[in-house]
Amino acid sequence: MRAPLCIASRARLVTCVALACLAACGARPFDSKSMIETLRVIGVRADDSIPTPGADVSLELLAYDGSPHALGADGKPRAIEIVWLGGCADPSGDLYYKCYDGMQPALDALTAGTPSPLVGHGAKYTWHVPDDLISRRASNGKSKYKYGLSYVFYAVCAGKVVATGATDATSPRLGCVDAGGAPVSEDGFVYGYLPLYSYPGLSNQNPIVTGGTFDGKPPSTQACTVDADCGAGQACGTIGTCLPVIPACPPRSTCATYEIKPLIDPSSAEPDPLQTLQASAPRNEVVYVDFLSSAGVTHAGTTNVVIDPVNGPRDDYAGTWEPPQKAVGETRLWALVHDNREGLTWWSVDVVVR
């Protein structure tokens with residue numbers, strides 16, 4: 001058993017039941033954190049991860065339902081609801097659960113179904129950073145800069161997101177129930193939060209990903225409706241384009257691996273004031289990449305560092321993917337490109353395992 005790995009950003013999964021189930025108890029002795037076997041939040045990003053007070057920051061959540069229960073008896077994906085709760089800024093001690101006492105207006109709006117800027121639905125949400133987020137609090141005495149802190153909470157649910165009615169200090173205020181009002185099983189609910197730090201005069205844009213390759217080739221753009229529309233070694237995917245067909249990897253076999261490589265613009269590495277201050281020399285951000293898959297196992301390459309602050313861009317960051325042991329049909333592979341100031345961009349490619 002390995003410990004669960006939360007997303008490599010400031011997005012924190014508080015209840016995190018999906019990730020708790022994801023701990024490395026799979027059939028293979030590999031790094032199973034890379035396999036998505038339940039409903040999971042893959043990433044949460046802001047269009048500016050260091051937002052300016054008074055700005056509207058656009059947030060986006062990427063989720064994937066890899067649960068064995070993802071498809072119903074009719075073969076259709078189960079419905080997933082995403083809810084956001086905003087309205088928390090500069091909580092006592094910077095503790096996320098200190099937001100809970102002030103969340104009642106948002107919870108009331110959610111329960112009543114009334115529109116509110118404190119409640120969002122769907123994969124995207126806009127949070128307005130208070131104008132006085134920084135100016136109203138004194139410096140904490142441990143940083144050269146004054147700062148402000150906003151928290152935005154989210155829930156991803158294979159059912160309906162509801163207010164729990166919890167009143168103790170640390171219990172989550174959101175839960176997930178099925179059509180009958182019963183709590184949804186652990187593989188169908190993820191609850192978490194995204195901290196957003198604001199500093200005077202600072203901002204941070206996400207890494208720039210211009211595309212990517214699988215097994216050395218960019219994804220096909222050929223449209224299709226049936227497999228016959230595609231070339232040799234391809235099948236028609238549900239997205240209506242031709243996808244590579246990959247053979248499953250039988251148990252105890254030596255299997256082929258396939259390279260995954262996002263293409264990253266070198267300008268993604270912006271100047272990093274903190275690194276510059278510590279080094280007493282100009283330094284840019286670190287840009288790095290992680291890999292995930294809905295089936296099979298992904299591994300980092302020689303390094304997952306894409307842009308080193310001292311030596312600049314590298315080219316040996318591609319990951320590899322080993323197919324699963326059985327034919328699972330369409331499979332999605334993700335590359336999550338981060339910078340060390342909480343910027344995040346994702347890229348994905350689909351294949352068919354037969």
# chains A, B, ... in the order shown; residues from 1 in each chain; ligands from 1
call {"tool": "residues_around", "arguments": {"residues": "Thr225 of chain A", "least_positions_apart": "2", "cutoff": "12 Å", "atoms": "only C-alpha atoms", "output": "MDAnalysis selection string"}}
result
chainID A and resid 222:223 227:230 235:243
call {"tool": "select_by_dssp", "arguments": {"residues": "segment 6-224 of chain A", "states": "helix (DSSP H, G or I)", "output": "number ranges by chain"}}
result
A: 17-21, 32-34, 92-94, 96-102, 104-112, 186-188
call {"tool": "closest_residue", "arguments": {"among": "A:Ser116, A:Ser49, A:Asn311, A:Thr38", "to": "Asn206 of chain A", "atoms": "only C-alpha atoms"}}
result
A:Ser49
call {"tool": "closest_residue", "arguments": {"among": "A:Ala163, A:Leu336, A:Met35, A:Leu196", "to": "His128 of chain A", "atoms": "only C-alpha atoms"}}
result
A:Leu196
call {"tool": "closest_residue", "arguments": {"among": "A:Phe291, A:Ala248, A:Gly296, A:His338", "to": "Arg354 of chain A", "atoms": "only C-alpha atoms"}}
result
A:Ala248
call {"tool": "residues_around", "arguments": {"residues": "Thr126 of chain A", "least_positions_apart": "6", "cutoff": "12 Å", "atoms": "only C-alpha atoms", "output": "list in words"}}
result
Arg45, Ala46, Asp47, Asp48, Pro51, Ala55, Asp56, Val57, Ser58, Leu59, Glu60, Leu61, Trp84, Leu85, Gly86, Gly87, Ser116, Pro117, Leu118, Val119, Gly120 and Val152 of chain A
call {"tool": "write_last_selection", "arguments": {"atoms": "N, CA and C atoms", "output": "short mmCIF file (atom, residue, chain, number, x, y, z; two decimals), in the first residue's frame"}}
result
data_model
loop_
_atom_site.label_atom_id
_atom_site.label_comp_id
_atom_site.auth_asym_id
_atom_site.auth_seq_id
_atom_site.Cartn_x
_atom_site.Cartn_y
_atom_site.Cartn_z
N ARG A 45 -7.95 24.29 -11.86
CA ARG A 45 -7.05 25.39 -12.21
C ARG A 45 -7.79 26.71 -12.25
N ALA A 46 -7.02 27.78 -12.07
CA ALA A 46 -7.51 29.15 -12.22
C ALA A 46 -6.82 29.77 -13.42
N ASP A 47 -7.48 30.69 -14.10
CA ASP A 47 -6.81 31.34 -15.22
C ASP A 47 -5.68 32.24 -14.76
N ASP A 48 -5.68 32.61 -13.49
CA ASP A 48 -4.55 33.29 -12.85
C ASP A 48 -4.45 32.71 -11.45
N PRO A 51 -4.42 35.51 -8.17
CA PRO A 51 -5.34 36.53 -8.69
C PRO A 51 -5.20 37.87 -7.97
N ALA A 55 -10.41 41.23 -8.91
CA ALA A 55 -10.54 40.57 -10.20
C ALA A 55 -11.54 39.42 -10.13
N ASP A 56 -12.09 39.08 -11.29
CA ASP A 56 -12.88 37.86 -11.44
C ASP A 56 -11.95 36.78 -11.95
N VAL A 57 -11.79 35.72 -11.19
CA VAL A 57 -10.90 34.63 -11.58
C VAL A 57 -11.74 33.47 -12.06
N SER A 58 -11.41 32.96 -13.24
CA SER A 58 -12.15 31.84 -13.83
C SER A 58 -11.51 30.53 -13.40
N LEU A 59 -12.31 29.65 -12.81
CA LEU A 59 -11.86 28.35 -12.32
C LEU A 59 -12.42 27.25 -13.21
N GLU A 60 -11.65 26.18 -13.35
CA GLU A 60 -12.10 25.04 -14.15
C GLU A 60 -11.67 23.75 -13.47
N LEU A 61 -12.56 22.78 -13.47
CA LEU A 61 -12.32 21.49 -12.83
C LEU A 61 -12.38 20.40 -13.88
N TRP A 84 -19.85 24.27 -6.95
CA TRP A 84 -18.83 25.11 -6.33
C TRP A 84 -19.47 25.97 -5.26
N LEU A 85 -18.74 26.24 -4.18
CA LEU A 85 -19.16 27.20 -3.17
C LEU A 85 -18.03 28.20 -2.95
N GLY A 86 -18.33 29.47 -3.15
CA GLY A 86 -17.37 30.53 -2.88
C GLY A 86 -17.76 31.30 -1.63
N GLY A 87 -17.19 32.47 -1.50
CA GLY A 87 -17.60 33.33 -0.41
C GLY A 87 -16.70 33.32 0.80
N SER A 116 -27.10 32.49 -7.11
CA SER A 116 -26.23 33.21 -6.18
C SER A 116 -24.81 33.21 -6.73
N PRO A 117 -24.11 34.33 -6.62
CA PRO A 117 -22.70 34.34 -7.05
C PRO A 117 -21.83 33.45 -6.18
N LEU A 118 -22.38 33.00 -5.04
CA LEU A 118 -21.62 32.12 -4.14
C LEU A 118 -21.75 30.65 -4.52
N VAL A 119 -22.59 30.35 -5.49
CA VAL A 119 -22.82 28.96 -5.90
C VAL A 119 -22.62 28.83 -7.39
N GLY A 120 -21.87 27.81 -7.79
CA GLY A 120 -21.66 27.54 -9.21
C GLY A 120 -21.99 26.10 -9.53
N VAL A 152 -12.15 28.44 -2.39
CA VAL A 152 -13.34 28.02 -3.13
C VAL A 152 -13.47 26.51 -2.95
#
call {"tool": "select_by_dssp", "arguments": {"residues": "segment 213-266 of chain A", "states": "strand (DSSP E)", "output": "VMD selection string"}}
result
chain A and resid 213 to 214 234 to 236 242 to 246 258 to 264
call {"tool": "closest_residue", "arguments": {"among": "A:Val156, A:Ile82, A:Leu107, A:Val328", "to": "Pro68 of chain A", "atoms": "only C-alpha atoms"}}
result
A:Val328
call {"tool": "closest_residue", "arguments": {"among": "A:Val161, A:Asn204, A:Tyr199, A:Ser92", "to": "Pro183 of chain A", "atoms": "only C-alpha atoms"}}
result
A:Val161
call {"tool": "closest_residue", "arguments": {"among": "A:Ser135, A:Thr331, A:Val162, A:Gln325", "to": "Gly181 of chain A", "atoms": "only C-alpha atoms"}}
result
A:Val162
call {"tool": "residues_around", "arguments": {"residues": "Asp339 of chain A", "least_positions_apart": "3", "cutoff": "10 Å", "atoms": "only C-alpha atoms", "output": "PyMOL selection string"}}
result
chain A and resi 8-9+204-207+268-270+284-289+305-307+342-345
call {"tool": "write_last_selection", "arguments": {"atoms": "N, CA and C atoms", "output": "PDB file, in the first residue's frame"}}
result
ATOM      1  N   ALA A   8      -1.215  17.586  -7.538  1.00  0.00           N
ATOM      2  CA  ALA A   8      -0.009  18.376  -7.286  1.00  0.00           C
ATOM      3  C   ALA A   8      -0.287  19.846  -7.550  1.00  0.00           C
ATOM      4  N   SER A   9      -1.167  20.412  -6.798  1.00  0.00           N
ATOM      5  CA  SER A   9      -1.465  21.831  -6.865  1.00  0.00           C
ATOM      6  C   SER A   9      -2.033  22.215  -5.519  1.00  0.00           C
ATOM      7  N   ASN A 204       0.117  34.973 -12.121  1.00  0.00           N
ATOM      8  CA  ASN A 204       0.742  33.780 -12.699  1.00  0.00           C
ATOM      9  C   ASN A 204      -0.189  33.147 -13.711  1.00  0.00           C
ATOM     10  N   GLN A 205       0.290  32.985 -14.919  1.00  0.00           N
ATOM     11  CA  GLN A 205      -0.493  32.351 -15.975  1.00  0.00           C
ATOM     12  C   GLN A 205      -0.153  30.868 -16.046  1.00  0.00           C
ATOM     13  N   ASN A 206      -1.069  30.099 -16.604  1.00  0.00           N
ATOM     14  CA  ASN A 206      -0.872  28.660 -16.715  1.00  0.00           C
ATOM     15  C   ASN A 206       0.142  28.323 -17.805  1.00  0.00           C
ATOM     16  N   PRO A 207       0.829  27.178 -17.682  1.00  0.00           N
ATOM     17  CA  PRO A 207       1.724  26.743 -18.767  1.00  0.00           C
ATOM     18  C   PRO A 207       0.970  26.648 -20.093  1.00  0.00           C
ATOM     19  N   SER A 268       6.281  29.334 -21.279  1.00  0.00           N
ATOM     20  CA  SER A 268       5.463  28.977 -20.117  1.00  0.00           C
ATOM     21  C   SER A 268       6.141  29.333 -18.809  1.00  0.00           C
ATOM     22  N   ALA A 269       7.470  29.317 -18.786  1.00  0.00           N
ATOM     23  CA  ALA A 269       8.209  29.600 -17.558  1.00  0.00           C
ATOM     24  C   ALA A 269       8.354  31.104 -17.387  1.00  0.00           C
ATOM     25  N   GLU A 270       7.501  31.675 -16.552  1.00  0.00           N
ATOM     26  CA  GLU A 270       7.543  33.106 -16.275  1.00  0.00           C
ATOM     27  C   GLU A 270       8.586  33.403 -15.192  1.00  0.00           C
ATOM     28  N   ASN A 284      13.445  31.734 -13.457  1.00  0.00           N
ATOM     29  CA  ASN A 284      12.094  31.490 -13.923  1.00  0.00           C
ATOM     30  C   ASN A 284      11.455  30.364 -13.117  1.00  0.00           C
ATOM     31  N   GLU A 285      10.191  30.127 -13.381  1.00  0.00           N
ATOM     32  CA  GLU A 285       9.480  29.033 -12.736  1.00  0.00           C
ATOM     33  C   GLU A 285      10.046  27.678 -13.159  1.00  0.00           C
ATOM     34  N   VAL A 286       9.777  26.688 -12.332  1.00  0.00           N
ATOM     35  CA  VAL A 286       9.941  25.291 -12.730  1.00  0.00           C
ATOM     36  C   VAL A 286       8.636  24.860 -13.402  1.00  0.00           C
ATOM     37  N   VAL A 287       8.746  24.202 -14.543  1.00  0.00           N
ATOM     38  CA  VAL A 287       7.578  23.619 -15.205  1.00  0.00           C
ATOM     39  C   VAL A 287       7.792  22.106 -15.249  1.00  0.00           C
ATOM     40  N   TYR A 288       6.776  21.346 -14.831  1.00  0.00           N
ATOM     41  CA  TYR A 288       6.925  19.885 -14.764  1.00  0.00           C
ATOM     42  C   TYR A 288       5.620  19.230 -15.187  1.00  0.00           C
ATOM     43  N   VAL A 289       5.672  17.927 -15.446  1.00  0.00           N
ATOM     44  CA  VAL A 289       4.516  17.223 -15.979  1.00  0.00           C
ATOM     45  C   VAL A 289       4.296  15.906 -15.229  1.00  0.00           C
ATOM     46  N   VAL A 305      10.611  17.094 -15.197  1.00  0.00           N
ATOM     47  CA  VAL A 305      10.882  18.531 -15.306  1.00  0.00           C
ATOM     48  C   VAL A 305      10.969  18.907 -16.774  1.00  0.00           C
ATOM     49  N   VAL A 306      10.144  19.854 -17.178  1.00  0.00           N
ATOM     50  CA  VAL A 306      10.114  20.314 -18.565  1.00  0.00           C
ATOM     51  C   VAL A 306      11.021  21.523 -18.760  1.00  0.00           C
ATOM     52  N   ILE A 307      10.938  22.462 -17.810  1.00  0.00           N
ATOM     53  CA  ILE A 307      11.765  23.675 -17.879  1.00  0.00           C
ATOM     54  C   ILE A 307      12.415  23.868 -16.517  1.00  0.00           C
ATOM     55  N   GLU A 342       1.584  27.069  -8.910  1.00  0.00           N
ATOM     56  CA  GLU A 342       0.223  26.545  -8.963  1.00  0.00           C
ATOM     57  C   GLU A 342      -0.469  26.729 -10.299  1.00  0.00           C
ATOM     58  N   GLY A 343       0.266  27.079 -11.353  1.00  0.00           N
ATOM     59  CA  GLY A 343      -0.311  27.053 -12.683  1.00  0.00           C
ATOM     60  C   GLY A 343      -0.517  25.616 -13.146  1.00  0.00           C
ATOM     61  N   LEU A 344      -1.519  25.390 -13.970  1.00  0.00           N
ATOM     62  CA  LEU A 344      -1.835  24.035 -14.422  1.00  0.00           C
ATOM     63  C   LEU A 344      -2.526  24.075 -15.780  1.00  0.00           C
ATOM     64  N   THR A 345      -2.076  23.218 -16.687  1.00  0.00           N
ATOM     65  CA  THR A 345      -2.736  23.000 -17.972  1.00  0.00           C
ATOM     66  C   THR A 345      -2.749  21.504 -18.221  1.00  0.00           C
TER      67      THR A 345
END
call {"tool": "residues_around", "arguments": {"residues": "Ala300 of chain A", "least_positions_apart": "4", "cutoff": "9 Å", "atoms": "only C-alpha atoms", "output": "number ranges by chain"}}
result
A: 289-291, 304, 317-320
call {"tool": "atom_distance", "arguments": {"atom1": "atom CA of Thr167 of chain A", "atom2": "atom CA of Ala89 of chain A"}}
result
19.8 Å
call {"tool": "residues_around", "arguments": {"residues": "Val349 of chain A", "least_positions_apart": "3", "cutoff": "10 Å", "atoms": "only C-alpha atoms", "output": "list in words"}}
result
Gly211, Gly212, Thr213, Phe214, Pro218, Pro219, Ser220, Leu243, Pro244, Ile260, Pro262, Ser293, Thr331, Arg332, Leu333, Trp334 and Ala335 of chain A
call {"tool": "atom_distance", "arguments": {"atom1": "atom CA of Asp308 of chain A", "atom2": "atom CA of Leu274 of chain A"}}
result
15.1 Å
